[in-house]
Amino acid sequence: MKKGFDNDKYLKIQSEHIKERIGKFGNKLYLEFGGKLFDDYHASRVLPGFEPDSKLKMLMQLADYAEIVIVISAVDIEKNKVRGDLGITYDMDVLRLRDEFQSRGLMVGSVVITHYQGQAAADIFRKKLKKLKIKTYVHYTIPGYPSNVALINSDEGYGKNDYIETTRPLVVITAPGPGSGKMATCLSQLYQDNRRGIKSGYAKFETFPIWNLPLKHPVNVAYEAATADLNDVNMIDPWHLEAYGETTVNYNRDIEIYPVLDAIFKGIYGENPYKSPTDMGVNMAGNCIFDDEACREASRQEIIRRYYAALGQLAEGKGTEEEVDKIELLMQQAQISTKDRKVTVAAIERGQKSGVPAAAIELEDGTIITSETSDLLGTSAALILNATKHLAGIDHNVKLIPTSMIEPIQNMKVTYLRGNNPRLHTDEVLVALAMLSREDENCAKALQQLPRFAGCQVHTTVLLSEVDRKIFKKLGVEVTCEPVAKKNRIMR
């Protein structure tokens, strides 16, 4: 992918702005880290050149006087919400994040369960955290939130929440994903600190939407597509426009919550240091784009991938029509369609010609390789073999895995494991390649090409099995699928 973002510049100027903001609020600042603090793959996809751990690297520079509080919504626990990029539930990701932070010398002070209304799954998770000796707090759902400012800013609102005991000047509030209640957690602490005579401050580190890019810039539209399930909407910040006469971009939840923040700050300081939601932020990502068109194209491709992901979720009974419809509208605004994804066009053409499931991969140099299902191999397994042969310079007609080796594996799958699909999946093909690589030079060459799959694009004309999804993910491949079952039954 063509680079368009200067990560080194970003690390430098972003850390400077965060340090500057800390200095404005005495010795207690709650810093909301929006998006993913760790493994921010969305940012790396729409801002090619952005490294997934950039925000973590900045935080490590502040490790001596910072502590992390991880927030998770009881609603997400109850729904078993899954991180799409990692394939694990939010509650499991809380534990993963804690381990990752601590392994890097960062202090994780506690976990906060938000939106709590007595959910049984949340109670079970809380007991699990207690057994692990992890400090856990509960924040409740507030009726009329965020419009009922009088109730929110009272003992029956934020005052009802558990008070999070912290020991360091900088408290970083993060979460497995959006909609977890990070901002409300920060505001609750401001309210409770004030009751205790502590004049603490708040700031927001949110990568998207990028405030100094146009409202309909593909980078910002891609953010809307990524949060379509939350119904987030990018908006012009009316408070900033009124205060400064400057057009900036924010999103609906920050704009809706601003009157609450304004009331809380006025209660603490007698005035609000922030004249707008945009003022709250410290995001400098927009200043680090050096190739705008590269970032635009990367974002357009991300919108299409999000569309296919939503279709797949709907086909599997996990998504909603509304989510699909919203991303379709965003695609119209961005003036793109699925035909703008090269591998989609190639896979569909191969499938139409063969009459069987097909797939296509775009390699690092732009070359498109296709495959189709056969009696021996699934289309994804065949695609991996075709692509590795091309990358290794092996003639396409060479059979890397002999039929005499495939047939016994098929017999085992059907006869002994009682499977219905005898064709080899991607994991089985890779194991066979590894076994043959000791004696076969071509197989060894093919295996050596696997690292070159990272960042490649794949499209299949059928929904993938869980096994094939995981293998592609481990290889670092971005996959989209037509929302069609393998028996050619259209799911939508």
# chains A, B, ... in the order shown; residues from 1 in each chain; ligands from 1

call {"tool": "residues_around", "arguments": {"residues": "range 288-298 of chain A", "least_positions_apart": "5", "cutoff": "12 Å", "atoms": "only C-alpha atoms", "output": "ChimeraX atom specification"}}
result
/A:1-14,42-50,210,212-214,216-222,283,303-305,334-336,340-341,455,457

call {"tool": "select_by_dssp", "arguments": {"residues": "range 131-323 of chain A", "states": "alpha helix (DSSP H)", "output": "PyMOL selection string"}}
result
chain A and resi 131+149-152+182-195+218-226+238-244+252-269+277-280+292-315+321-323

call {"tool": "closest_residue", "arguments": {"among": "A:Gly109, A:Gly35, A:Gly317, A:Pro52", "to": "Ala66 in chain A", "atoms": "only C-alpha atoms"}}
result
A:Gly109

call {"tool": "residues_around", "arguments": {"residues": "Glu316 in chain A", "least_positions_apart": "3", "cutoff": "12 Å", "atoms": "only C-alpha atoms", "output": "list in words"}}
result
Ala309, Ala310, Leu311, Gly312, Gln313, Gly319, Thr320, Leu463, Leu464, Ser465, Pro483, Val484, Ala485, Ile490, Met491 and Arg492 of chain A

call {"tool": "residues_around", "arguments": {"residues": "Gly87 in chain A", "least_positions_apart": "4", "cutoff": "9 Å", "atoms": "only C-alpha atoms", "output": "list in words"}}
result
Val82, Arg83 and Lys470 of chain A

call {"tool": "write_last_selection", "arguments": {"atoms": "C-alpha atoms", "output": "PDB file, in the first residue's frame"}}
result
ATOM      1  CA  VAL A  82     -16.491  -9.378  19.438  1.00  0.00           C
ATOM      2  CA  ARG A  83     -13.535  -7.312  18.249  1.00  0.00           C
ATOM      3  CA  LYS A 470      -8.365 -17.263  10.833  1.00  0.00           C
TER       4      LYS A 470
END

call {"tool": "residues_around", "arguments": {"residues": "range 140-143 of chain A", "least_positions_apart": "4", "cutoff": "7 Å", "atoms": "only C-alpha atoms", "output": "number ranges by chain"}}
result
A: 114-117, 152, 157, 161

call {"tool": "atom_distance", "arguments": {"atom1": "CA of Ala63 in chain A", "atom2": "CA of His17 in chain A"}}
result
16.4 Å

call {"tool": "closest_residue", "arguments": {"among": "A:Pro146, A:Pro176, A:Gly476, A:Pro169", "to": "Gly201 in chain A", "atoms": "only C-alpha atoms"}}
result
A:Pro169

call {"tool": "closest_residue", "arguments": {"among": "A:Tyr251, A:Tyr202, A:Tyr307, A:Phe453", "to": "Phe472 in chain A", "atoms": "only C-alpha atoms"}}
result
A:Phe453

call {"tool": "atom_distance", "arguments": {"atom1": "CA of Asn80 in chain A", "atom2": "CA of Ser380 in chain A"}}
result
28.4 Å

call {"tool": "decode", "arguments": {"residues": "range 155-201 of chain A", "atoms": "C-alpha atoms", "output": "tab-separated table (two decimals), in the first residue's frame"}}
result
chain	number	residue	atom	x	y	z
A	155	ASP	CA	-25.77	12.45	43.61
A	156	GLU	CA	-28.29	10.26	41.76
A	157	GLY	CA	-26.35	10.60	38.52
A	158	TYR	CA	-22.56	10.59	38.48
A	159	GLY	CA	-22.62	10.64	42.26
A	160	LYS	CA	-24.19	7.18	42.32
A	161	ASN	CA	-21.23	5.62	40.49
A	162	ASP	CA	-18.35	3.91	42.24
A	163	TYR	CA	-15.45	6.30	42.74
A	164	ILE	CA	-12.34	5.06	40.95
A	165	GLU	CA	-9.35	5.20	43.27
A	166	THR	CA	-6.29	6.40	41.34
A	167	THR	CA	-2.78	7.22	42.49
A	168	ARG	CA	-1.05	8.94	39.58
A	169	PRO	CA	-1.39	12.39	38.00
A	170	LEU	CA	-2.31	11.10	34.52
A	171	VAL	CA	-5.21	8.64	34.30
A	172	VAL	CA	-5.67	7.15	30.85
A	173	ILE	CA	-9.18	5.85	30.16
A	174	THR	CA	-9.30	3.25	27.38
A	175	ALA	CA	-11.55	0.41	26.22
A	176	PRO	CA	-11.72	-2.56	23.84
A	177	GLY	CA	-13.88	-0.58	21.41
A	178	PRO	CA	-16.21	2.39	20.84
A	179	GLY	CA	-19.38	3.00	22.82
A	180	SER	CA	-17.91	1.63	26.04
A	181	GLY	CA	-18.53	4.77	28.13
A	182	LYS	CA	-15.04	6.24	28.34
A	183	MET	CA	-16.10	9.89	28.31
A	184	ALA	CA	-18.85	9.34	30.88
A	185	THR	CA	-16.28	7.63	33.10
A	186	CYS	CA	-14.02	10.67	32.89
A	187	LEU	CA	-16.87	13.10	33.62
A	188	SER	CA	-18.04	10.99	36.53
A	189	GLN	CA	-14.56	11.25	38.02
A	190	LEU	CA	-14.49	15.02	37.53
A	191	TYR	CA	-17.78	15.31	39.41
A	192	GLN	CA	-16.64	13.05	42.25
A	193	ASP	CA	-13.20	14.64	42.48
A	194	ASN	CA	-14.87	18.02	42.89
A	195	ARG	CA	-16.89	16.65	45.81
A	196	ARG	CA	-13.58	15.61	47.38
A	197	GLY	CA	-11.93	18.99	46.79
A	198	ILE	CA	-9.78	17.78	43.88
A	199	LYS	CA	-9.66	20.11	40.85
A	200	SER	CA	-8.96	17.58	38.11
A	201	GLY	CA	-9.06	18.08	34.35
